[in-house]
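Raw entry-v9.cif, mmCIF, C-alpha atoms and all ligand atoms:
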data_protein
#
loop_
_atom_site.label_atom_id
_atom_site.label_comp_id
_atom_site.auth_asym_id
_atom_site.auth_seq_id
_atom_site.Cartn_x
_atom_site.Cartn_y
_atom_site.Cartn_z
CA MET A 250 -77.78 -26.36 41.73
CA LYS A 251 -76.04 -24.32 44.37
CA LYS A 252 -77.17 -21.11 42.72
CA SER A 253 -80.80 -22.15 42.68
CA LEU A 254 -80.57 -23.26 46.30
CA ASN A 255 -79.19 -19.86 47.28
CA PHE A 256 -81.95 -18.17 45.31
CA PHE A 257 -84.51 -20.37 47.04
CA LEU A 258 -83.09 -19.48 50.46
CA LEU A 259 -83.11 -15.78 49.54
CA ILE A 260 -86.78 -15.96 48.57
CA ILE A 261 -87.63 -17.83 51.76
CA SER A 262 -85.76 -15.33 53.94
CA LEU A 263 -87.35 -12.36 52.18
CA LEU A 264 -90.77 -13.89 52.70
CA PHE A 265 -89.97 -14.53 56.32
CA PHE A 266 -88.78 -10.97 56.86
CA HIS A 267 -91.87 -9.58 55.20
CA MET A 268 -94.24 -11.70 57.23
CA ARG A 269 -92.40 -11.07 60.45
CA GLY A 270 -92.46 -7.33 59.93
CA ILE A 271 -96.10 -7.10 59.04
CA GLY A 272 -97.13 -9.67 61.60
CA GLN A 273 -95.22 -7.99 64.37
CA SER A 274 -96.91 -4.63 64.22
CA ALA A 275 -100.03 -5.18 62.12
CA GLU A 276 -101.69 -6.55 65.19
CA CYS A 277 -101.78 -3.42 67.32
CA GLY A 278 -105.21 -3.01 68.91
CA THR A 279 -104.97 0.69 69.82
CA ASP A 280 -107.11 2.03 66.98
CA TYR A 281 -109.94 -0.40 67.62
CA ILE A 282 -110.26 0.83 71.19
CA HIS A 283 -109.71 4.48 70.35
CA ASN A 284 -112.22 4.53 67.49
CA ASN A 285 -114.81 2.79 69.63
CA LEU A 286 -114.34 5.28 72.49
CA MET A 287 -114.44 8.26 70.10
CA GLN A 288 -117.85 7.06 68.92
CA THR A 289 -119.35 6.01 72.24
CA ASP A 290 -117.76 8.10 75.00
CA SER A 291 -118.29 11.86 74.82
CA VAL A 292 -116.00 12.53 77.81
CA TYR A 293 -113.16 10.66 76.11
CA ARG A 294 -113.81 12.50 72.85
CA LYS A 295 -113.61 15.85 74.64
CA GLN A 296 -110.37 14.85 76.39
CA ILE A 297 -108.75 13.85 73.11
CA HIS A 298 -109.83 17.09 71.44
CA LEU A 299 -108.54 19.15 74.38
CA LEU A 300 -105.21 17.37 74.39
CA GLU A 301 -104.94 17.69 70.62
CA SER A 302 -105.47 21.45 70.80
CA GLN A 303 -102.90 21.79 73.62
CA VAL A 304 -100.32 19.75 71.74
CA GLU A 305 -100.88 21.56 68.46
CA ALA A 306 -100.65 24.96 70.17
CA SER A 307 -97.49 23.92 71.95
CA ILE A 308 -95.87 22.73 68.72
CA GLN A 309 -96.89 25.85 66.84
CA ASN A 310 -95.58 28.09 69.62
CA HIS A 311 -92.41 26.01 69.79
CA ALA A 312 -92.90 26.07 73.55
CA ASN A 313 -91.68 22.51 73.83
CA ASN A 314 -88.51 23.25 71.89
CA LYS A 315 -87.25 25.40 74.75
CA LEU A 316 -87.04 22.23 76.78
CA SER A 317 -85.58 20.13 74.02
CA SER A 318 -82.25 19.59 75.72
CA THR A 319 -83.92 18.27 78.87
CA ILE A 320 -84.01 14.51 79.05
CA TYR A 321 -87.33 13.40 80.46
CA THR A 322 -87.32 10.20 82.48
CA ILE A 323 -90.54 8.26 82.88
CA PRO A 324 -90.89 5.79 85.80
CA VAL A 325 -92.29 2.51 84.59
CA VAL A 326 -93.90 -0.38 86.44
CA VAL A 327 -94.23 -3.72 84.70
CA HIS A 328 -97.01 -6.10 85.79
CA VAL A 329 -96.50 -9.64 84.55
CA ILE A 330 -99.91 -11.34 84.44
CA HIS A 331 -98.77 -14.92 83.97
CA LEU A 332 -100.45 -18.32 83.94
CA GLY A 333 -98.69 -19.80 86.95
CA GLU A 334 -95.48 -20.82 85.20
CA PRO A 335 -92.15 -20.61 87.07
CA ILE A 336 -90.33 -17.28 86.65
CA GLY A 337 -88.47 -17.24 83.34
CA THR A 338 -90.88 -19.69 81.67
CA GLY A 339 -93.73 -19.06 79.23
CA SER A 340 -95.69 -15.90 79.93
CA ASN A 341 -93.88 -15.40 83.27
CA ILE A 342 -90.87 -13.78 81.59
CA SER A 343 -87.69 -13.21 83.59
CA ASP A 344 -86.56 -9.99 85.25
CA ILE A 345 -83.64 -9.87 82.84
CA GLN A 346 -85.88 -10.09 79.79
CA ILE A 347 -87.92 -7.19 81.15
CA GLN A 348 -84.82 -5.12 81.97
CA GLN A 349 -83.47 -5.76 78.48
CA ALA A 350 -86.82 -4.79 76.96
CA ILE A 351 -86.70 -1.45 78.80
CA ALA A 352 -83.08 -0.99 77.70
CA GLY A 353 -84.12 -1.66 74.10
CA LEU A 354 -87.01 0.78 74.46
CA ASN A 355 -84.56 3.43 75.65
CA ASP A 356 -82.24 2.70 72.71
CA HIS A 357 -85.15 3.28 70.33
CA PHE A 358 -86.23 6.54 72.00
CA ARG A 359 -82.64 7.80 72.27
CA ASN A 360 -81.87 6.97 68.62
CA VAL A 361 -78.91 4.73 69.37
CA ASN A 362 -78.93 3.40 65.79
CA GLY A 363 -78.61 6.96 64.47
CA LEU A 364 -81.32 6.52 61.83
CA GLY A 365 -83.92 8.85 63.35
CA VAL A 366 -83.90 11.54 66.03
CA ASP A 367 -83.15 11.36 69.73
CA VAL A 368 -86.51 11.94 71.45
CA GLU A 369 -84.61 12.73 74.68
CA LEU A 370 -87.13 10.73 76.61
CA GLU A 371 -86.28 7.57 78.49
CA PHE A 372 -87.76 5.07 80.87
CA CYS A 373 -86.60 3.72 84.22
CA LEU A 374 -87.97 0.70 86.02
CA ALA A 375 -89.42 2.02 89.28
CA SER A 376 -87.16 1.71 92.34
CA LYS A 377 -89.70 3.10 94.81
CA ASN A 378 -93.20 1.67 95.05
CA PRO A 379 -96.34 3.69 95.88
CA ASN A 380 -95.74 3.03 99.61
CA GLY A 381 -92.21 4.41 99.45
CA ASN A 382 -90.52 1.01 99.72
CA SER A 383 -87.87 -0.35 97.41
CA THR A 384 -88.92 -2.33 94.36
CA ASN A 385 -87.40 -3.65 91.16
CA GLY A 386 -90.37 -2.23 89.26
CA ILE A 387 -91.73 -5.66 88.37
CA ASN A 388 -94.90 -7.20 89.83
CA ARG A 389 -95.90 -10.77 89.11
CA VAL A 390 -99.46 -12.03 89.44
CA ASN A 391 -101.00 -15.33 88.41
CA GLY A 392 -104.00 -14.35 86.28
CA SER A 393 -105.18 -17.85 85.45
CA SER A 394 -108.14 -17.68 87.83
CA VAL A 395 -109.70 -14.77 85.92
CA PRO A 396 -112.36 -16.28 83.63
CA ASN A 397 -111.19 -16.81 80.03
CA TYR A 398 -107.66 -15.52 80.67
CA ALA A 399 -105.87 -18.87 80.43
CA ALA A 400 -107.69 -19.77 77.21
CA ASN A 401 -107.71 -16.47 75.32
CA GLY A 402 -105.74 -13.84 77.22
CA ILE A 403 -107.14 -10.35 77.76
CA THR A 404 -109.94 -8.64 75.83
CA PRO A 405 -109.39 -4.89 75.28
CA THR A 406 -112.43 -2.95 76.46
CA GLY A 407 -114.83 -2.45 73.58
CA ASN A 408 -113.59 -5.51 71.72
CA THR A 409 -115.81 -8.56 71.41
CA CYS A 410 -113.21 -11.33 71.49
CA SER A 411 -113.62 -14.01 74.15
CA GLY A 412 -110.75 -13.24 76.54
CA ALA A 413 -110.76 -11.95 80.12
CA VAL A 414 -112.34 -8.60 80.96
CA GLU A 415 -109.59 -5.96 80.70
CA THR A 416 -110.32 -4.23 84.00
CA ALA A 417 -110.40 -7.57 85.87
CA ILE A 418 -106.87 -8.28 84.62
CA LYS A 419 -105.55 -4.78 85.28
CA ASP A 420 -107.14 -4.76 88.76
CA LEU A 421 -104.87 -7.69 89.69
CA SER A 422 -101.99 -5.23 89.74
CA ARG A 423 -101.84 -1.55 88.90
CA TRP A 424 -100.03 1.46 90.29
CA PRO A 425 -101.16 5.10 90.31
CA VAL A 426 -100.95 6.40 86.76
CA ALA A 427 -99.90 9.87 87.90
CA ASP A 428 -96.58 8.49 89.17
CA TYR A 429 -95.91 5.44 87.01
CA TYR A 430 -96.40 4.47 83.41
CA ASN A 431 -98.05 1.04 83.72
CA ILE A 432 -97.09 -1.82 81.40
CA TRP A 433 -99.05 -5.07 81.63
CA VAL A 434 -97.32 -8.11 80.14
CA VAL A 435 -99.95 -10.69 79.24
CA SER A 436 -100.04 -14.21 77.84
CA GLU A 437 -102.26 -13.26 74.90
CA ILE A 438 -104.58 -10.55 73.63
CA CYS A 439 -107.78 -11.85 72.02
CA ASN A 440 -106.35 -15.34 71.58
CA GLY A 441 -103.44 -14.10 69.47
CA GLY A 442 -105.40 -11.40 67.63
CA PHE A 443 -103.13 -8.57 68.79
CA VAL A 444 -99.58 -8.20 70.09
CA GLY A 445 -100.16 -4.96 71.97
CA TYR A 446 -102.31 -1.91 72.54
CA ALA A 447 -102.03 1.30 74.49
CA SER A 448 -104.20 4.04 75.94
CA TYR A 449 -103.90 7.44 74.35
CA PRO A 450 -103.00 9.89 77.13
CA VAL A 451 -106.29 10.63 78.84
CA GLY A 452 -105.38 9.26 82.28
CA GLY A 453 -107.75 7.12 84.35
CA LEU A 454 -107.15 4.07 86.51
CA TYR A 455 -106.33 1.76 83.61
CA ASP A 456 -104.04 4.04 81.60
CA GLY A 457 -100.97 2.33 80.18
CA LEU A 458 -100.06 -0.31 77.67
CA VAL A 459 -100.65 -4.01 77.29
CA ILE A 460 -98.16 -6.21 75.46
CA VAL A 461 -97.87 -9.95 74.94
CA SER A 462 -94.96 -11.59 76.73
CA THR A 463 -93.30 -12.71 73.49
CA SER A 464 -93.08 -9.08 72.30
CA MET A 465 -91.60 -7.78 75.57
CA THR A 466 -88.03 -8.11 74.27
CA SER A 467 -85.02 -5.87 73.71
CA ASN A 468 -85.44 -5.69 69.92
CA SER A 469 -89.21 -5.47 69.95
CA GLY A 470 -90.77 -3.01 67.53
CA THR A 471 -94.05 -3.38 69.39
CA LEU A 472 -92.89 -1.80 72.64
CA PRO A 473 -91.74 1.58 71.19
CA HIS A 474 -94.84 1.51 68.94
CA GLU A 475 -97.24 1.17 71.87
CA VAL A 476 -95.34 3.68 74.02
CA GLY A 477 -95.56 6.02 71.02
CA HIS A 478 -99.37 5.74 71.20
CA GLY A 479 -99.10 6.33 74.96
CA PHE A 480 -97.45 9.65 74.13
CA PHE A 481 -100.11 10.52 71.58
CA LEU A 482 -98.53 9.35 68.33
CA TYR A 483 -100.88 8.00 65.70
CA HIS A 484 -100.00 5.45 63.04
CA THR A 485 -98.14 6.99 60.10
CA PHE A 486 -101.05 5.77 57.91
CA ASN A 487 -103.71 7.32 60.16
CA GLY A 488 -106.72 8.36 58.10
CA ASP A 489 -106.34 5.70 55.38
CA GLY A 490 -109.78 4.30 56.20
CA GLY A 491 -108.34 0.86 56.90
CA ASN A 492 -105.87 0.69 53.99
CA ILE A 493 -108.52 1.96 51.54
CA SER A 494 -107.51 5.47 50.49
CA CYS A 495 -104.64 7.93 50.86
CA PRO A 496 -105.01 10.05 54.01
CA LEU A 497 -106.08 13.66 53.52
CA ASP A 498 -103.02 15.88 53.15
CA THR A 499 -103.96 19.55 53.18
CA ASN A 500 -102.64 20.48 56.63
CA CYS A 501 -100.07 18.05 57.99
CA LEU A 502 -100.57 19.24 61.58
CA ILE A 503 -104.23 18.21 61.64
CA ASN A 504 -104.48 15.56 58.87
CA GLY A 505 -103.14 12.02 58.84
CA ASP A 506 -100.92 11.37 61.83
CA HIS A 507 -100.74 15.14 62.64
CA VAL A 508 -96.97 15.01 62.07
CA CYS A 509 -95.41 16.92 59.18
CA ASP A 510 -92.25 14.93 58.43
CA THR A 511 -93.94 11.54 58.05
CA PRO A 512 -95.50 11.44 54.56
CA PRO A 513 -99.08 10.10 54.62
CA HIS A 514 -99.57 6.64 53.20
CA LYS A 515 -101.75 3.59 53.22
CA GLN A 516 -101.10 0.92 55.82
CA SER A 517 -99.74 -1.72 53.46
CA ASP A 518 -97.68 0.66 51.30
CA CYS A 519 -94.12 0.02 52.44
CA GLY A 520 -92.23 -0.18 49.14
CA THR A 521 -89.55 2.03 47.64
CA THR A 522 -92.04 4.69 46.53
CA ASN A 523 -95.10 6.09 48.24
CA PRO A 524 -98.18 5.96 45.98
CA CYS A 525 -99.88 8.60 48.15
CA SER A 526 -97.24 11.33 48.05
CA SER A 527 -94.03 12.10 46.23
CA THR A 528 -92.93 14.72 48.74
CA GLY A 529 -91.17 14.41 52.07
CA VAL A 530 -88.76 11.76 53.27
CA TRP A 531 -90.60 8.50 52.56
CA ASP A 532 -88.20 6.46 54.72
CA ASN A 533 -89.48 8.48 57.69
CA SER A 534 -92.84 6.74 57.29
CA ARG A 535 -92.01 3.31 55.94
CA TYR A 536 -89.28 2.74 58.53
CA ASN A 537 -91.20 4.41 61.33
CA TYR A 538 -91.96 2.71 64.64
CA MET A 539 -95.55 3.85 64.12
CA ALA A 540 -95.93 2.12 60.73
CA TYR A 541 -96.92 -1.48 60.07
CA CYS A 542 -93.99 -1.95 57.71
CA PRO A 543 -91.08 -4.34 58.30
CA LEU A 544 -87.72 -3.19 59.67
CA VAL A 545 -88.97 -0.16 61.58
CA ASN A 546 -86.12 1.86 63.08
CA ARG A 547 -86.95 5.50 63.79
CA PHE A 548 -88.96 8.31 65.30
CA THR A 549 -88.82 11.69 63.51
CA GLN A 550 -88.35 15.29 64.68
CA GLY A 551 -92.08 15.92 64.15
CA GLN A 552 -92.94 12.94 66.33
CA LYS A 553 -90.41 14.06 68.93
CA ASP A 554 -92.11 17.46 69.10
CA ARG A 555 -95.49 15.79 69.55
CA ILE A 556 -94.23 13.36 72.21
CA ARG A 557 -92.54 16.14 74.19
CA ALA A 558 -95.51 18.49 73.86
CA THR A 559 -97.64 15.65 75.25
CA ALA A 560 -95.19 14.93 78.08
CA ILE A 561 -95.49 18.43 79.54
CA VAL A 562 -99.30 18.55 79.82
CA THR A 563 -101.89 16.60 81.80
CA PRO A 564 -101.99 13.64 82.29
CA ARG A 565 -98.35 12.80 81.44
CA ALA A 566 -96.78 15.86 83.10
CA SER A 567 -97.01 14.38 86.59
CA LEU A 568 -94.71 11.53 85.50
CA LEU A 569 -91.90 14.05 85.05
CA THR A 570 -91.94 14.93 88.75
CA SER A 571 -92.62 11.41 90.02
CA VAL A 572 -90.26 10.04 92.67
CA GLY A 573 -90.84 6.52 91.34
CA CYS A 574 -87.20 6.13 90.33
CA GLU A 575 -85.63 7.70 93.41
CA VAL A 576 -83.31 5.83 95.72
CA VAL A 577 -84.79 4.08 98.71
CA GLY A 578 -82.28 3.65 101.56
CA ILE A 579 -81.58 0.08 102.51
CA ASN A 580 -78.85 -1.41 104.68
CA GLU A 581 -78.70 -4.95 103.51
CA ILE A 582 -80.77 -7.01 101.22
CA SER A 583 -81.18 -10.70 101.48
CA SER A 584 -83.20 -13.50 100.08
CA ASN A 585 -84.10 -16.19 102.60
CA LYS A 586 -80.53 -16.38 103.95
CA ILE A 587 -79.07 -18.03 100.88
CA PHE A 588 -78.00 -14.74 99.41
CA SER A 589 -77.10 -11.26 100.64
CA ILE A 590 -75.40 -8.14 99.38
CA PHE A 591 -73.65 -5.65 101.65
CA PRO A 592 -72.96 -2.85 102.31
CA ASN A 593 -75.86 -1.22 100.59
CA PRO A 594 -75.63 1.63 99.73
CA ALA A 595 -72.11 0.77 98.64
CA GLN A 596 -69.05 2.80 97.70
CA SER A 597 -66.31 1.03 95.78
CA VAL A 598 -67.17 -2.63 96.36
CA ILE A 599 -70.06 -4.88 97.27
CA ASN A 600 -69.75 -8.20 99.03
CA VAL A 601 -72.01 -10.95 97.85
CA ARG A 602 -72.58 -13.74 100.31
CA ALA A 603 -74.09 -16.71 98.54
CA ASP A 604 -75.07 -20.16 99.59
CA ILE A 605 -72.75 -22.89 98.30
CA LYS A 606 -75.39 -24.10 95.87
CA LEU A 607 -75.23 -20.76 94.05
CA LEU A 608 -71.48 -21.01 93.40
CA GLY A 609 -70.60 -20.76 89.74
CA SER A 610 -73.84 -18.87 88.98
CA ALA A 611 -73.55 -15.93 86.64
CA TYR A 612 -74.53 -12.51 87.95
CA VAL A 613 -75.34 -9.39 85.95
CA ILE A 614 -75.64 -5.77 87.03
CA TYR A 615 -77.83 -3.33 85.10
CA ASP A 616 -78.29 0.37 85.59
CA ASN A 617 -81.85 1.58 86.05
CA THR A 618 -82.28 2.23 82.35
CA GLY A 619 -81.64 -1.47 81.78
CA LYS A 620 -78.09 -1.14 80.42
CA LEU A 621 -75.73 -3.98 81.33
CA VAL A 622 -72.79 -2.51 83.27
CA LEU A 623 -71.10 -5.48 84.95
CA SER A 624 -71.24 -9.24 84.83
CA GLY A 625 -69.35 -12.18 86.31
CA LYS A 626 -69.67 -15.35 88.32
CA LEU A 627 -70.13 -16.03 92.00
CA ILE A 628 -66.79 -17.67 92.67
CA SER A 629 -66.98 -18.25 96.40
CA GLU A 630 -69.35 -17.93 99.31
CA ASN A 631 -68.04 -14.37 99.67
CA THR A 632 -67.57 -12.75 96.28
CA VAL A 633 -66.22 -9.20 96.25
CA ILE A 634 -67.36 -7.15 93.27
CA GLU A 635 -65.54 -3.94 92.40
CA LEU A 636 -67.96 -1.19 91.42
CA GLY A 637 -65.01 0.95 90.33
CA ASP A 638 -66.01 3.35 87.60
CA LEU A 639 -69.76 3.13 88.00
CA SER A 640 -71.36 6.46 88.75
CA GLY A 641 -73.55 6.95 91.81
CA GLY A 642 -77.12 5.72 91.47
CA ILE A 643 -79.37 2.71 91.42
CA TYR A 644 -78.32 -0.63 89.98
CA LEU A 645 -80.11 -3.91 89.58
CA PHE A 646 -78.23 -7.02 90.58
CA SER A 647 -79.50 -10.27 89.26
CA VAL A 648 -78.52 -13.91 89.55
CA GLU A 649 -80.54 -15.29 86.71
CA GLU A 650 -79.87 -19.00 87.00
CA ASN A 651 -80.90 -20.66 90.26
CA LEU A 652 -82.03 -17.51 92.08
CA LYS A 653 -84.15 -15.72 89.46
CA GLN A 654 -84.39 -12.60 91.55
CA THR A 655 -83.30 -9.02 91.18
CA PHE A 656 -81.88 -6.85 93.95
CA ILE A 657 -81.44 -3.13 94.07
CA VAL A 658 -77.91 -1.97 94.79
CA ILE A 659 -77.20 1.66 95.43
CA LYS A 660 -73.78 3.13 94.71
CA GLU A 661 -73.08 6.33 96.55
ZN ZN B 701 -100.58 0.93 66.83
#
Would you encode the structure as structure tokens?
Ligand SMILES: [Zn+2]
Amino acid sequence: MKKSLNFFLLIISLLFFHMRGIGQSAECGTDYIHNNLMQTDSVYRKQIHLLESQVEASIQNHANNKLSSTIYTIPVVVHVIHLGEPIGTGSNISDIQIQQAIAGLNDHFRNVNGLGVDVELEFCLASKNPNGNSTNGINRVNGSSVPNYAANGITPTGNTCSGAVETAIKDLSRWPVADYYNIWVVSEICNGGFVGYASYPVGGLYDGLVIVSTSMTSNSGTLPHEVGHGFFLYHTFNGDGGNISCPLDTNCLINGDHVCDTPPHKQSDCGTTNPCSSTGVWDNSRYNYMAYCPLVNRFTQGQKDRIRATAIVTPRASLLTSVGCEVVGINEISSNKIFSIFPNPAQSVINVRADIKLLGSAYVIYDNTGKLVLSGKLISENTVIELGDLSGGIYLFSVEENLKQTFIVIKE
């Protein structure tokens, strides 16, 4: 009896894993938008072809490899287009969830699990806004007044689902794409039809990625997948005609996903062998962030080369010299007198003055890549926090319960 119960549970959990994996990434909307634009917009088509030729030339010349030990940092702004819920509820996800999502994204790109390659590219939540003032890199806007948003979420341009017009949603909050990589967190895309989509790197006012709030998490496979598209990665099964036939495989730099160490396959082929090809490292495709298979966990060297070749040309190159993550000088920060941190910038300690109703609240301090560096509790109306070993730079201080706000702390 026990044996059969265990077997039953195993089957159920395998089914769950399978569905979760497929469901999580099978609903990326990038190709729908891209294919539509390639057919209808000659300017877009030319831009993609130009970028493709630049990237291919760069990879073939190994020009990008010269810079391979440089870690590129991309300033990110996150726009939360919520439905009017309190912060930390429903689609209005908390600052901490967003910071952890960016930290997880960095872990994926920096190959923290050791299963792929370190892309040497990471993301920082913006600390300086387009006006030069300090920011935590998160903007919140209630989008419920935009027609169809509350009922169906956003409709990607070119799609016919009955959500809100994409540009109307993005116009609620967007920062210059030359200086910030824009991420819009939305309640839904096409009434649950997709979990995310991204613009291939052609610039423009609405460049960036869109992701549903439930996928903006630290262990999300959707976030690195969409950022991968944003840096010109195709799906590993690109060219399968919609899961119909094996992608062409005569020149790996221009066929399939244009990457040579990800064997071409059909979208739903995720098993132990690849029916399309017996050569190459199959795990590089079936466990790839750009596949629709379950348990994705890696980018490859070929993808790294393509990402980095993309990062150094227009329109992504300007992000590498953006000041979006630079320190903004501030003397003291406060939130309507119930909370203040000083001095700021700080040296070895910060003093946190908190209203009595915040006592006992947990605080957390993240670095600007989203990594948790310190945590504790506000134990009195004047809590002294030792910054000790932390290196100089920008930190995000957050009192999640009660205050639900993030403050920038600078350590000199
Ligand atoms: Zn995709």
Item to check | Env. residues ligand ZN 701 (chain B) / 8 Å / only C-alpha atoms and all ligand atoms / as a list in words | outcome: Ser274, Ala275, Glu276, Cys277, Gly278, Thr279, Asp280, Gly445, Tyr446, Ala447, His474, Glu475, His478, Tyr483, His484, Met539 and Ala540 of chain A
Next on the checklist: Could you tell me how far atom CA of Cys574 of chain A sits from atom CA of Thr384 of chain A, in Å to one decimal place?
Outcome noted: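 Computed distance, atom CA of Thr384 of chain A to atom CA of Cys574 of chain A, equals 9.5 Å.
Interatomic distance, atom CA of Cys495 of chain A against atom CA of Leu482 of chain A: 18.6 Å.
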Item to check | Separation of atom CA of Asn391 of chain A from atom CA of Ser340 of chain A, in Å and rounded to one decimal | outcome: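 Value for the atom CA of Asn391 of chain A-atom CA of Ser340 of chain A distance: 10.0 Å.
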Checklist entry - Pick from A:Asn600, A:Asn537, A:Ser464, A:Asn408: nearest to Cys439 of chain A, with all atoms listed in the file counted? => result A:Asn408
Item to check | Top pick for closest residue to Arg565 of chain A, considering A:Ile590, A:Cys501, A:Leu300, A:Ile493 and counting all atoms listed in the file | outcome: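 That would be A:Leu300, the residue with the smallest distance to Arg565 of chain A.
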Checklist entry - Residues at most 9 Å from Ile418 of chain A, counting only C-alpha atoms, excluding those fewer than 3 positions away in the same chain, as a ChimeraX atom specification? => result /A:330,392,395,398,403,413-415,421-422,433
Checklist entry - Hey, can you pull every residue with an atom no more than 10 Å from (-100.1, 6.7, 48.3), using all atoms listed in the file, and send it as a PyMOL selection string? => result chain A and resi 486+489+494-496+512-519+522-527
Checklist entry - Hey, what's within 12 Å of Tyr615 of chain A if we count all atoms listed in the file and toss same-chain stuff fewer than 4 positions away? As number ranges by chain, please? => result A: 344-349, 351-352, 373-374, 385, 619-624, 636, 639, 642-648, 655-659
Next on the checklist: Which residue is closest to Ile460 of chain A? Choose from A:Tyr536, A:Cys410, A:Asp604, A:Val327 and count all atoms listed in the file.
Outcome noted: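 Of A:Tyr536, A:Cys410, A:Asp604, A:Val327, the one nearest Ile460 of chain A, counting all atoms listed in the file, is A:Val327.
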Next on the checklist: Give me, as a ChimeraX atom specification, all polymer residues having an atom no more than 9 Å from Gly441 of chain A, counting all atoms listed in the file and skipping those fewer than 2 positions away in the same chain.
Outcome noted: /A:276,401-402,437-439,443-444,461
Item to check | Counting only C-alpha atoms, the option among A:Asn355, A:Ser448, A:Asn504, A:Thr409 closest to Val426 of chain A | outcome: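 That would be A:Ser448, the residue with the smallest distance to Val426 of chain A.
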Item to check | Neighbour list for Asn546 of chain A as an MDAnalysis selection string, cut-off 12 Å, only C-alpha atoms, skip fewer than 2 positions in-chain | outcome: chainID A and resid 270 353:354 356:367 468:471 473:474 532:544 548:549
Checklist entry - Do you know which residues are at most 7 Å from Thr632 of chain A counting only C-alpha atoms, after dropping those on the same chain fewer than 3 positions away, and could you put them as a PyMOL selection string? => result chain A and resi 600-602+627-629
